[in-house]
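This is data11.tsv (TSV, C-alpha atoms).
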chain	number	residue	atom	x	y	z
A	1	MET	CA	-115.51	-8.27	-110.99
A	2	SER	CA	-115.55	-10.46	-114.06
A	3	ASP	CA	-114.14	-13.78	-115.26
A	4	THR	CA	-111.54	-11.82	-117.19
A	5	ASP	CA	-110.31	-10.22	-113.96
A	6	CYS	CA	-110.02	-13.66	-112.38
A	7	GLN	CA	-108.11	-14.99	-115.41
A	8	LYS	CA	-105.75	-12.00	-115.34
A	9	THR	CA	-105.14	-12.56	-111.66
A	10	ILE	CA	-104.43	-16.28	-112.08
A	11	ASP	CA	-102.04	-15.55	-114.95
A	12	ALA	CA	-100.25	-12.97	-112.84
A	13	LEU	CA	-99.90	-15.52	-110.05
A	14	ILE	CA	-98.54	-18.13	-112.45
A	15	ASP	CA	-96.07	-15.78	-114.14
A	16	ASN	CA	-94.77	-14.07	-111.02
A	17	MET	CA	-94.05	-15.30	-107.57
A	18	GLU	CA	-95.58	-12.13	-106.16
A	19	PRO	CA	-98.92	-10.84	-107.47
A	20	ASP	CA	-98.77	-7.51	-109.29
A	21	THR	CA	-100.82	-4.48	-108.22
A	22	PHE	CA	-103.90	-5.52	-110.18
A	23	ALA	CA	-103.80	-9.09	-108.86
A	24	ALA	CA	-103.18	-7.92	-105.30
A	25	GLU	CA	-106.21	-5.61	-105.44
A	26	HIS	CA	-108.35	-8.30	-107.04
A	27	LEU	CA	-107.32	-10.89	-104.44
A	28	LYS	CA	-108.63	-8.60	-101.69
A	29	VAL	CA	-112.14	-8.73	-103.07
A	30	CYS	CA	-112.33	-12.19	-104.72
A	31	LYS	CA	-112.47	-15.23	-102.49
A	32	THR	CA	-112.50	-17.57	-105.49
A	33	CYS	CA	-109.11	-16.26	-106.60
A	34	ARG	CA	-107.74	-16.46	-103.07
A	35	ASP	CA	-108.66	-20.15	-103.07
A	36	THR	CA	-107.15	-20.58	-106.53
A	37	ARG	CA	-103.94	-18.99	-105.32
A	38	LYS	CA	-103.73	-21.53	-102.52
A	39	SER	CA	-104.27	-24.34	-105.04
A	40	ILE	CA	-101.48	-23.06	-107.28
A	41	GLU	CA	-99.13	-22.79	-104.34
A	42	GLN	CA	-100.09	-26.30	-103.26
A	43	LEU	CA	-99.48	-27.53	-106.81
A	44	ARG	CA	-96.07	-25.91	-106.92
A	45	ILE	CA	-95.03	-27.33	-103.57
A	46	SER	CA	-95.56	-30.80	-104.97
A	47	SER	CA	-93.06	-29.94	-107.77
A	48	SER	CA	-93.32	-31.21	-111.28
A	49	PRO	CA	-93.81	-34.97	-111.31
A	50	VAL	CA	-92.04	-35.25	-114.64
A	51	ALA	CA	-88.85	-33.71	-113.26
A	52	ALA	CA	-88.28	-36.87	-111.28
A	53	VAL	CA	-88.36	-39.08	-114.37
A	54	LEU	CA	-84.72	-39.83	-115.13
A	55	PRO	CA	-83.24	-41.45	-118.22
A	56	SER	CA	-82.16	-45.08	-117.97
A	57	ALA	CA	-78.46	-45.98	-117.87
A	58	ALA	CA	-78.79	-47.48	-121.37
A	59	PHE	CA	-80.26	-44.22	-122.68
A	60	MET	CA	-77.45	-42.15	-121.18
A	61	SER	CA	-74.63	-44.41	-122.36
A	62	LYS	CA	-76.05	-44.40	-125.89
A	63	PHE	CA	-76.43	-40.62	-125.72
A	64	LYS	CA	-72.88	-40.06	-124.44
A	65	ALA	CA	-71.47	-42.26	-127.19
A	66	ARG	CA	-73.30	-40.20	-129.80
A	67	LEU	CA	-72.37	-36.92	-128.13
A	68	GLU	CA	-68.64	-37.70	-128.42
A	69	SER	CA	-68.73	-37.26	-132.19
A	70	GLN	CA	-70.91	-34.14	-132.06
A	71	THR	CA	-69.83	-30.53	-132.19
A	72	ILE	CA	-71.71	-27.34	-131.44
A	73	GLU	CA	-72.37	-25.56	-134.69
A	74	SER	CA	-71.09	-22.02	-134.94
A	75	VAL	CA	-73.63	-19.37	-135.73
A	76	THR	CA	-72.75	-17.59	-138.96
A	77	PRO	CA	-74.03	-14.04	-139.02
A	78	VAL	CA	-76.71	-13.74	-141.62
A	79	PRO	CA	-77.01	-10.35	-143.32
A	80	SER	CA	-80.29	-8.91	-142.31
A	81	PRO	CA	-82.60	-9.11	-145.30
A	82	VAL	CA	-84.32	-5.88	-146.31
A	83	SER	CA	-88.01	-6.50	-146.44
A	84	PRO	CA	-89.96	-5.59	-149.58
A	85	GLY	CA	-92.03	-3.15	-147.51
A	86	ILE	CA	-88.95	-1.13	-146.55
A	87	LEU	CA	-87.77	-1.12	-150.17
A	88	LEU	CA	-91.16	0.21	-151.27
A	89	VAL	CA	-91.06	3.01	-148.67
A	90	VAL	CA	-87.51	3.98	-149.70
A	91	ALA	CA	-88.49	4.02	-153.38
A	92	LEU	CA	-91.54	6.15	-152.62
A	93	ALA	CA	-89.52	8.61	-150.53
A	94	ALA	CA	-86.87	8.86	-153.27
A	95	SER	CA	-89.49	9.58	-155.92
A	96	ILE	CA	-91.08	12.30	-153.74
A	97	ILE	CA	-87.68	13.95	-153.15
A	98	VAL	CA	-86.89	13.91	-156.88
A	99	SER	CA	-90.32	15.37	-157.71
A	100	VAL	CA	-90.01	18.15	-155.13
A	101	ALA	CA	-86.50	19.00	-156.31
A	102	TYR	CA	-87.65	19.11	-159.95
A	103	PHE	CA	-90.53	21.49	-159.23
A	104	ALA	CA	-88.39	23.67	-156.98
A	105	VAL	CA	-85.84	24.16	-159.76
A	106	HIS	CA	-88.30	24.60	-162.61
A	107	ASN	CA	-90.68	26.96	-160.80
A	108	ASN	CA	-87.89	29.60	-160.46
A	109	GLU	CA	-87.35	29.75	-164.20
A	110	PRO	CA	-90.34	31.19	-166.08
A	111	ASP	CA	-91.25	29.17	-169.05
A	112	VAL	CA	-90.72	31.44	-172.06
A	113	ALA	CA	-93.38	29.76	-174.14
A	114	VAL	CA	-95.96	30.15	-171.37
A	115	VAL	CA	-95.10	33.80	-170.70
A	116	SER	CA	-95.36	34.73	-174.38
A	117	GLN	CA	-98.75	33.10	-174.55
A	118	VAL	CA	-100.08	34.80	-171.42
A	119	LEU	CA	-98.84	38.38	-171.97
A	120	PRO	CA	-100.79	39.28	-175.12
A	121	THR	CA	-103.99	38.38	-173.35
A	122	ILE	CA	-103.60	41.30	-170.93
A	123	PRO	CA	-105.90	44.06	-172.17
A	124	ALA	CA	-104.15	47.09	-173.55
A	125	HIS	CA	-105.94	49.59	-171.27
A	126	ILE	CA	-104.71	47.72	-168.19
A	127	ASN	CA	-101.22	47.84	-169.52
A	128	ASP	CA	-101.52	51.59	-170.12
A	129	ALA	CA	-103.01	52.20	-166.70
A	130	THR	CA	-100.21	50.36	-165.10
A	131	THR	CA	-97.70	52.37	-167.04
A	132	ASP	CA	-99.45	55.67	-166.19
A	133	SER	CA	-99.81	54.93	-162.53
A	134	THR	CA	-96.19	53.86	-162.37
A	135	LYS	CA	-95.26	57.09	-164.03
A	136	SER	CA	-97.30	59.15	-161.57
A	137	LEU	CA	-95.67	57.41	-158.70
A	138	ILE	CA	-92.25	58.14	-160.07
A	139	ASP	CA	-93.14	61.81	-160.53
A	140	ILE	CA	-92.54	62.80	-156.95
A	141	PRO	CA	-91.81	66.50	-156.44
A	142	ASP	CA	-88.11	67.18	-156.18
A	143	GLN	CA	-88.40	68.97	-152.87
A	144	SER	CA	-90.09	66.20	-151.05
A	145	ALA	CA	-87.65	63.76	-152.53
A	146	THR	CA	-84.69	65.69	-151.29
A	147	GLU	CA	-86.31	66.06	-147.90
A	148	ILE	CA	-86.79	62.40	-147.66
A	149	PHE	CA	-83.25	61.49	-148.65
A	150	TYR	CA	-81.45	64.49	-147.23
A	151	PRO	CA	-83.36	65.60	-144.12
A	152	SER	CA	-80.52	67.76	-142.83
A	153	PRO	CA	-79.93	71.05	-144.73
A	154	LEU	CA	-76.22	70.60	-144.16
A	155	GLN	CA	-76.17	67.46	-146.15
A	156	LYS	CA	-78.28	68.90	-148.98
A	157	PRO	CA	-76.25	68.94	-152.18
A	158	GLU	CA	-75.86	72.23	-153.85
B	159	MET	CA	-73.78	-35.86	-111.70
B	160	GLN	CA	-74.77	-34.44	-108.33
B	161	LYS	CA	-72.14	-31.73	-108.64
B	162	PHE	CA	-74.46	-30.03	-111.14
B	163	ASP	CA	-77.56	-30.08	-108.96
B	164	ASN	CA	-77.17	-26.48	-107.83
B	165	HIS	CA	-76.36	-25.11	-111.26
B	166	ASP	CA	-79.13	-23.38	-113.13
B	167	ASN	CA	-79.83	-24.08	-116.76
B	168	HIS	CA	-78.00	-21.06	-118.07
B	169	GLU	CA	-74.87	-21.86	-116.14
B	170	LEU	CA	-74.86	-25.40	-117.53
B	171	ILE	CA	-75.48	-24.14	-121.06
B	172	LYS	CA	-72.55	-21.72	-120.81
B	173	GLN	CA	-70.30	-24.51	-119.55
B	174	ALA	CA	-71.47	-26.76	-122.40
B	175	LEU	CA	-70.73	-23.97	-124.87
B	176	ASP	CA	-67.22	-23.81	-123.41
B	177	GLY	CA	-66.79	-27.48	-124.31
B	178	ASP	CA	-67.90	-29.24	-121.13
B	179	LYS	CA	-70.02	-32.12	-122.40
B	180	ASP	CA	-70.76	-33.34	-118.87
B	181	SER	CA	-72.68	-30.12	-118.29
B	182	PHE	CA	-74.84	-30.91	-121.27
B	183	CYS	CA	-75.42	-34.44	-119.95
B	184	ALA	CA	-76.62	-32.82	-116.72
B	185	LEU	CA	-79.12	-30.83	-118.76
B	186	VAL	CA	-80.26	-34.03	-120.46
B	187	LYS	CA	-80.90	-35.70	-117.12
B	188	ARG	CA	-82.71	-32.66	-115.83
B	189	HIS	CA	-85.06	-32.26	-118.76
B	190	TYR	CA	-85.44	-35.83	-119.98
B	191	GLY	CA	-88.71	-36.17	-118.03
B	192	ALA	CA	-90.26	-33.08	-119.60
B	193	VAL	CA	-89.37	-34.20	-123.13
B	194	ILE	CA	-90.49	-37.80	-122.68
B	195	TYR	CA	-93.72	-36.70	-120.98
B	196	TYR	CA	-94.43	-34.26	-123.78
B	197	LEU	CA	-93.87	-36.95	-126.41
B	198	ALA	CA	-96.03	-39.39	-124.45
B	199	SER	CA	-98.75	-36.77	-124.45
B	200	LEU	CA	-98.59	-36.73	-128.23
B	201	GLY	CA	-99.28	-40.42	-128.33
B	202	VAL	CA	-95.76	-41.54	-129.20
B	203	SER	CA	-94.91	-45.09	-128.13
B	204	HIS	CA	-92.19	-45.65	-125.56
B	205	GLU	CA	-89.59	-46.91	-128.08
B	206	ASP	CA	-90.23	-44.09	-130.51
B	207	ALA	CA	-90.22	-41.52	-127.72
B	208	GLN	CA	-86.77	-42.73	-126.63
B	209	ASP	CA	-85.42	-42.31	-130.15
B	210	VAL	CA	-87.03	-38.91	-130.65
B	211	THR	CA	-85.68	-37.78	-127.27
B	212	GLN	CA	-82.15	-38.85	-128.29
B	213	GLU	CA	-82.53	-36.92	-131.53
B	214	THR	CA	-83.90	-33.93	-129.66
B	215	PHE	CA	-80.94	-33.65	-127.30
B	216	ILE	CA	-78.36	-34.28	-130.04
B	217	ASN	CA	-80.01	-31.60	-132.16
B	218	ALA	CA	-80.18	-29.24	-129.17
B	219	TYR	CA	-76.44	-29.75	-128.57
B	220	ASN	CA	-75.60	-29.01	-132.21
B	221	LYS	CA	-77.73	-25.86	-132.19
B	222	LEU	CA	-76.86	-24.74	-128.66
B	223	ARG	CA	-75.42	-21.43	-129.89
B	224	GLN	CA	-78.81	-20.58	-131.35
B	225	TYR	CA	-80.46	-20.71	-127.94
B	226	LYS	CA	-81.48	-17.25	-126.79
B	227	PHE	CA	-80.85	-16.93	-123.09
B	228	SER	CA	-83.90	-14.71	-122.70
B	229	GLY	CA	-86.31	-17.56	-123.44
B	230	SER	CA	-87.26	-20.75	-121.64
B	231	PHE	CA	-84.79	-23.57	-122.22
B	232	VAL	CA	-87.50	-26.21	-121.77
B	233	GLY	CA	-89.71	-24.41	-124.27
B	234	TRP	CA	-86.83	-24.38	-126.74
B	235	LEU	CA	-86.19	-28.10	-126.15
B	236	LEU	CA	-89.84	-29.00	-126.60
B	237	ARG	CA	-90.01	-27.08	-129.86
B	238	ILE	CA	-87.06	-29.14	-131.11
B	239	ALA	CA	-88.79	-32.31	-129.86
B	240	ARG	CA	-91.92	-31.37	-131.75
B	241	ASN	CA	-89.96	-30.79	-134.96
B	242	ARG	CA	-88.05	-34.05	-134.60
B	243	TYR	CA	-91.33	-35.86	-133.95
B	244	ILE	CA	-92.93	-34.36	-137.03
B	245	ASP	CA	-89.88	-35.14	-139.17
B	246	ARG	CA	-89.83	-38.72	-137.99
B	247	PHE	CA	-93.46	-39.48	-138.51
B	248	ARG	CA	-94.28	-37.28	-141.46
B	249	LYS	CA	-93.65	-40.01	-144.00
B	250	GLU	CA	-95.60	-42.57	-142.05
B	251	LYS	CA	-98.50	-40.15	-141.61
B	252	LYS	CA	-98.65	-40.97	-137.95
B	253	ILE	CA	-99.09	-37.40	-136.85
B	254	ALA	CA	-102.37	-37.90	-135.11
B	255	MET	CA	-101.77	-34.73	-133.12
B	256	LEU	CA	-102.53	-32.60	-136.13
B	257	SER	CA	-105.65	-34.46	-137.18
B	258	ASP	CA	-107.28	-35.09	-133.83
B	259	PRO	CA	-105.52	-33.40	-130.92
B	260	ASP	CA	-107.89	-34.64	-128.25
B	261	LYS	CA	-107.53	-38.24	-129.27
B	262	ALA	CA	-103.78	-37.94	-129.72
B	263	LEU	CA	-103.32	-36.76	-126.17
B	264	ASP	CA	-104.76	-39.90	-124.68
B	265	PHE	CA	-101.86	-41.95	-123.44
B	266	PRO	CA	-101.82	-45.09	-125.55
B	267	ASP	CA	-99.34	-47.10	-123.60
B	268	LEU	CA	-99.76	-46.69	-119.87
B	269	LYS	CA	-97.30	-49.47	-119.07
B	270	THR	CA	-94.23	-47.67	-120.32
B	271	PRO	CA	-91.52	-47.11	-117.69
B	272	GLU	CA	-92.28	-43.39	-117.73
B	273	ALA	CA	-95.97	-43.90	-117.20
B	274	LEU	CA	-95.27	-46.26	-114.32
B	275	VAL	CA	-92.81	-43.83	-112.74
B	276	LEU	CA	-95.32	-41.02	-113.08
B	277	SER	CA	-97.89	-43.21	-111.44
B	278	ASP	CA	-95.50	-44.09	-108.59
B	279	LEU	CA	-94.69	-40.45	-108.07
B	280	GLY	CA	-98.31	-39.71	-107.46
B	281	CYS	CA	-98.83	-37.91	-110.72
B	282	SER	CA	-102.47	-38.88	-110.64
B	283	GLU	CA	-102.74	-37.40	-107.16
B	284	ILE	CA	-101.45	-34.12	-108.42
B	285	TYR	CA	-103.37	-33.94	-111.64
B	286	GLY	CA	-106.38	-35.84	-110.40
B	287	ASP	CA	-109.00	-36.48	-113.00
B	288	MET	CA	-107.56	-34.04	-115.52
B	289	LYS	CA	-107.65	-35.07	-119.11
B	290	PRO	CA	-104.26	-35.74	-120.75
B	291	ARG	CA	-104.54	-32.54	-122.71
B	292	GLU	CA	-105.16	-30.55	-119.52
B	293	ARG	CA	-102.27	-32.27	-117.77
B	294	VAL	CA	-99.82	-31.25	-120.47
B	295	ILE	CA	-101.04	-27.67	-120.50
B	296	VAL	CA	-100.94	-27.40	-116.70
B	297	GLU	CA	-97.50	-29.00	-116.64
B	298	LEU	CA	-96.12	-26.58	-119.22
B	299	ARG	CA	-97.83	-23.53	-117.72
B	300	VAL	CA	-97.40	-24.10	-113.99
B	301	PHE	CA	-94.16	-26.05	-113.74
B	302	GLN	CA	-92.27	-25.07	-116.86
B	303	ARG	CA	-93.73	-21.53	-116.72
B	304	LEU	CA	-94.20	-21.26	-120.45
B	305	SER	CA	-96.40	-18.54	-121.88
B	306	TYR	CA	-99.63	-19.38	-123.71
B	307	ALA	CA	-97.97	-18.46	-126.99
B	308	GLU	CA	-95.11	-20.89	-126.33
B	309	ILE	CA	-97.50	-23.67	-125.34
B	310	ALA	CA	-99.49	-23.03	-128.51
B	311	GLU	CA	-96.33	-23.29	-130.57
B	312	ILE	CA	-95.26	-26.50	-128.88
B	313	THR	CA	-98.58	-28.30	-128.80
B	314	GLY	CA	-100.01	-26.97	-132.04
B	315	PHE	CA	-103.21	-25.94	-130.30
B	316	ASN	CA	-104.98	-22.64	-130.57
B	317	GLU	CA	-103.78	-20.12	-127.95
B	318	VAL	CA	-107.27	-19.06	-126.95
B	319	ASN	CA	-108.27	-22.69	-126.54
B	320	ILE	CA	-105.24	-23.29	-124.32
B	321	ARG	CA	-106.21	-20.37	-122.09
B	322	VAL	CA	-109.71	-21.73	-121.67
B	323	VAL	CA	-108.53	-25.30	-121.01
B	324	PHE	CA	-105.95	-24.09	-118.50
B	325	HIS	CA	-108.34	-21.93	-116.53
B	326	ARG	CA	-110.96	-24.66	-116.40
B	327	ALA	CA	-108.35	-27.15	-115.21
B	328	ILE	CA	-107.10	-24.77	-112.52
B	329	LEU	CA	-110.63	-24.13	-111.27
B	330	ARG	CA	-111.37	-27.85	-111.14
B	331	LEU	CA	-108.12	-28.38	-109.27
B	332	ARG	CA	-109.09	-25.67	-106.80
B	333	ASP	CA	-112.45	-27.32	-106.21
B	334	ARG	CA	-110.75	-30.65	-105.66
B	335	TYR	CA	-108.24	-29.25	-103.17
B	336	LYS	CA	-111.08	-27.50	-101.40
B	337	ARG	CA	-113.09	-30.75	-101.20
B	338	ASP	CA	-110.04	-32.62	-99.91
B	339	GLY	CA	-109.47	-29.91	-97.33
B	340	ASP	CA	-113.02	-30.04	-95.97
Could you take the file, read its structure, and then write that structure out as structure tokens?
Amino acid sequence: MSDTDCQKTIDALIDNMEPDTFAAEHLKVCKTCRDTRKSIEQLRISSSPVAAVLPSAAFMSKFKARLESQTIESVTPVPSPVSPGILLVVALAASIIVSVAYFAVHNNEPDVAVVSQVLPTIPAHINDATTDSTKSLIDIPDQSATEIFYPSPLQKPE
Amino acid sequence: MQKFDNHDNHELIKQALDGDKDSFCALVKRHYGAVIYYLASLGVSHEDAQDVTQETFINAYNKLRQYKFSGSFVGWLLRIARNRYIDRFRKEKKIAMLSDPDKALDFPDLKTPEALVLSDLGCSEIYGDMKPRERVIVELRVFQRLSYAEIAEITGFNEVNIRVVFHRAILRLRDRYKRDGD
């Protein structure tokens, strides 16, 4: 039980007619706050002393005379100003979208200049090996090929 | 004006917005004490407080559509009173409240009609030996039910300071009631 708990309880008692759960629990264990609660209730029973102070007749007649010529101003809707922070975020988001779109488009199209520079650097023997291996892969025996594509003898072309 | 006694603030405000000026006069009578007491707490003389209070209510009437029904009407009125007070005394550099809040909250003229009425009503019995600053804070917090943030805005004091002052005042009050009870 700390001073902070007592302050929270008193504030809860001031703000609400009924104590909240925290205040109710605290009041069970804190006699000081129970006494404070009584004091606040006693204070409220006495009602605000300033509420009984009424304006003089002279004050009211002067006020009424002035009020006659007064009108209640209409509230004109003010367009909500966009804060600089929001503008910055929008600008940043727009720039990111444009950047992403640019790279997405340009990455699908190989840059001719770059490709021509990169290709000659591939060693010749690798190029040959690739060609040879490709060739060996293509050289599948005819029989197996026909078996793969035409498993049924009925469908085998003559 | 007794026909308005049972009307709450919001009802009276709505009627005033519909063009019933008598409803607004009922609000003036109801909250005159709070405004005049607040100005007195700032060290404003009786004559000046009367003028500032007139200005406050006229200004409140003009701006009535700007009042948000979710907030405290008294808090809204006192904020207007504070602004009118500052406007009025800015040129004369009489705003003691901003330079020395403690000193400014000492009541300078205890023989004003309001001070006498408060005395007759037993204000001193209620607030006891509280300092003027404590009285205003207790008044605004307990009776007007304003939040600490609203009181800070109205009085120009630091919110943390207001919390401390309020809790000390309440504890002293408790001790006094306890003593009186024994």
Counting only C-alpha atoms, what are the residues of chain A within 6 Å of chain B, and for each of them which pair of atoms is the nearest and at what distance in Å, to one decimal? Sort the table by chain and rising number, as CSV.
residue,atom,partner,partner_atom,distance
A:Thr36,CA,B:Arg332,CA,5.5
A:Ser39,CA,B:Arg332,CA,5.3
A:Ser48,CA,B:Phe301,CA,5.8
A:Pro49,CA,B:Cys281,CA,5.8
A:Val50,CA,B:Gly191,CA,4.8
A:Ala51,CA,B:Gly191,CA,5.4
A:Val53,CA,B:Gly191,CA,4.7
A:Leu54,CA,B:Lys187,CA,6.0
A:Thr71,CA,B:Asn220,CA,6.0
A:Ile72,CA,B:Asn220,CA,4.3
A:Glu73,CA,B:Asn220,CA,5.3
Subject >> Å distance separating CA of Met288 in chain B from CA of Gly201 in chain B, one decimal place >> reply: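 It comes out at 16.5 Å.
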Subject >> Interatomic distance (Å, one decimal) between CA of Arg291 in chain B and CA of Arg240 in chain B >> reply: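 Computed distance, CA of Arg291 in chain B to CA of Arg240 in chain B, equals 15.6 Å.
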Output as a PDB file, in the frame of the given file: range 95-104 of chain A, completed with all heavy atoms.
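Ended up saving to rebuild32.pdb:
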ATOM      1  N   SER A  95     -88.736   8.986-154.820  1.00  0.00           N
ATOM      2  CA  SER A  95     -89.490   9.580-155.920  1.00  0.00           C
ATOM      3  C   SER A  95     -90.091  10.924-155.497  1.00  0.00           C
ATOM      4  O   SER A  95     -90.148  11.869-156.277  1.00  0.00           O
ATOM      5  CB  SER A  95     -90.577   8.633-156.421  1.00  0.00           C
ATOM      6  OG  SER A  95     -91.554   8.486-155.437  1.00  0.00           O
ATOM      7  N   ILE A  96     -90.523  11.029-154.241  1.00  0.00           N
ATOM      8  CA  ILE A  96     -91.080  12.300-153.740  1.00  0.00           C
ATOM      9  C   ILE A  96     -89.983  13.371-153.715  1.00  0.00           C
ATOM     10  O   ILE A  96     -90.193  14.506-154.151  1.00  0.00           O
ATOM     11  CB  ILE A  96     -91.694  12.101-152.325  1.00  0.00           C
ATOM     12  CG1 ILE A  96     -92.974  11.264-152.443  1.00  0.00           C
ATOM     13  CG2 ILE A  96     -91.997  13.451-151.664  1.00  0.00           C
ATOM     14  CD1 ILE A  96     -93.517  10.775-151.122  1.00  0.00           C
ATOM     15  N   ILE A  97     -88.791  12.991-153.228  1.00  0.00           N
ATOM     16  CA  ILE A  97     -87.680  13.950-153.150  1.00  0.00           C
ATOM     17  C   ILE A  97     -87.312  14.459-154.546  1.00  0.00           C
ATOM     18  O   ILE A  97     -87.139  15.656-154.773  1.00  0.00           O
ATOM     19  CB  ILE A  97     -86.454  13.305-152.447  1.00  0.00           C
ATOM     20  CG1 ILE A  97     -86.771  13.100-150.955  1.00  0.00           C
ATOM     21  CG2 ILE A  97     -85.198  14.166-152.612  1.00  0.00           C
ATOM     22  CD1 ILE A  97     -85.811  12.188-150.233  1.00  0.00           C
ATOM     23  N   VAL A  98     -87.244  13.541-155.514  1.00  0.00           N
ATOM     24  CA  VAL A  98     -86.890  13.910-156.880  1.00  0.00           C
ATOM     25  C   VAL A  98     -87.949  14.855-157.451  1.00  0.00           C
ATOM     26  O   VAL A  98     -87.630  15.878-158.070  1.00  0.00           O
ATOM     27  CB  VAL A  98     -86.737  12.638-157.762  1.00  0.00           C
ATOM     28  CG1 VAL A  98     -86.657  13.002-159.240  1.00  0.00           C
ATOM     29  CG2 VAL A  98     -85.493  11.868-157.341  1.00  0.00           C
ATOM     30  N   SER A  99     -89.223  14.537-157.192  1.00  0.00           N
ATOM     31  CA  SER A  99     -90.320  15.370-157.710  1.00  0.00           C
ATOM     32  C   SER A  99     -90.257  16.773-157.133  1.00  0.00           C
ATOM     33  O   SER A  99     -90.371  17.774-157.842  1.00  0.00           O
ATOM     34  CB  SER A  99     -91.670  14.747-157.355  1.00  0.00           C
ATOM     35  OG  SER A  99     -91.714  13.431-157.783  1.00  0.00           O
ATOM     36  N   VAL A 100     -90.069  16.848-155.805  1.00  0.00           N
ATOM     37  CA  VAL A 100     -90.010  18.150-155.130  1.00  0.00           C
ATOM     38  C   VAL A 100     -88.837  18.959-155.669  1.00  0.00           C
ATOM     39  O   VAL A 100     -88.963  20.151-155.975  1.00  0.00           O
ATOM     40  CB  VAL A 100     -89.909  17.956-153.593  1.00  0.00           C
ATOM     41  CG1 VAL A 100     -89.546  19.267-152.903  1.00  0.00           C
ATOM     42  CG2 VAL A 100     -91.212  17.405-153.043  1.00  0.00           C
ATOM     43  N   ALA A 101     -87.697  18.315-155.817  1.00  0.00           N
ATOM     44  CA  ALA A 101     -86.500  19.000-156.310  1.00  0.00           C
ATOM     45  C   ALA A 101     -86.742  19.525-157.730  1.00  0.00           C
ATOM     46  O   ALA A 101     -86.381  20.658-158.070  1.00  0.00           O
ATOM     47  CB  ALA A 101     -85.315  18.045-156.288  1.00  0.00           C
ATOM     48  N   TYR A 102     -87.390  18.734-158.550  1.00  0.00           N
ATOM     49  CA  TYR A 102     -87.650  19.110-159.950  1.00  0.00           C
ATOM     50  C   TYR A 102     -88.525  20.376-159.996  1.00  0.00           C
ATOM     51  O   TYR A 102     -88.204  21.336-160.677  1.00  0.00           O
ATOM     52  CB  TYR A 102     -88.359  17.953-160.659  1.00  0.00           C
ATOM     53  CG  TYR A 102     -88.751  18.271-162.080  1.00  0.00           C
ATOM     54  CD1 TYR A 102     -87.833  18.115-163.123  1.00  0.00           C
ATOM     55  CD2 TYR A 102     -90.026  18.736-162.372  1.00  0.00           C
ATOM     56  CE1 TYR A 102     -88.191  18.405-164.421  1.00  0.00           C
ATOM     57  CE2 TYR A 102     -90.389  19.034-163.668  1.00  0.00           C
ATOM     58  CZ  TYR A 102     -89.472  18.870-164.694  1.00  0.00           C
ATOM     59  OH  TYR A 102     -89.814  19.162-165.977  1.00  0.00           O
ATOM     60  N   PHE A 103     -89.614  20.348-159.202  1.00  0.00           N
ATOM     61  CA  PHE A 103     -90.530  21.490-159.230  1.00  0.00           C
ATOM     62  C   PHE A 103     -89.886  22.741-158.624  1.00  0.00           C
ATOM     63  O   PHE A 103     -90.125  23.849-159.074  1.00  0.00           O
ATOM     64  CB  PHE A 103     -91.839  21.154-158.511  1.00  0.00           C
ATOM     65  CG  PHE A 103     -92.721  20.274-159.354  1.00  0.00           C
ATOM     66  CD1 PHE A 103     -92.991  18.956-158.997  1.00  0.00           C
ATOM     67  CD2 PHE A 103     -93.278  20.764-160.541  1.00  0.00           C
ATOM     68  CE1 PHE A 103     -93.788  18.149-159.793  1.00  0.00           C
ATOM     69  CE2 PHE A 103     -94.081  19.950-161.334  1.00  0.00           C
ATOM     70  CZ  PHE A 103     -94.334  18.642-160.964  1.00  0.00           C
ATOM     71  N   ALA A 104     -89.064  22.529-157.612  1.00  0.00           N
ATOM     72  CA  ALA A 104     -88.390  23.670-156.980  1.00  0.00           C
ATOM     73  C   ALA A 104     -87.484  24.362-157.986  1.00  0.00           C
ATOM     74  O   ALA A 104     -87.445  25.596-158.061  1.00  0.00           O
ATOM     75  CB  ALA A 104     -87.585  23.194-155.779  1.00  0.00           C
TER      76      ALA A 104
END
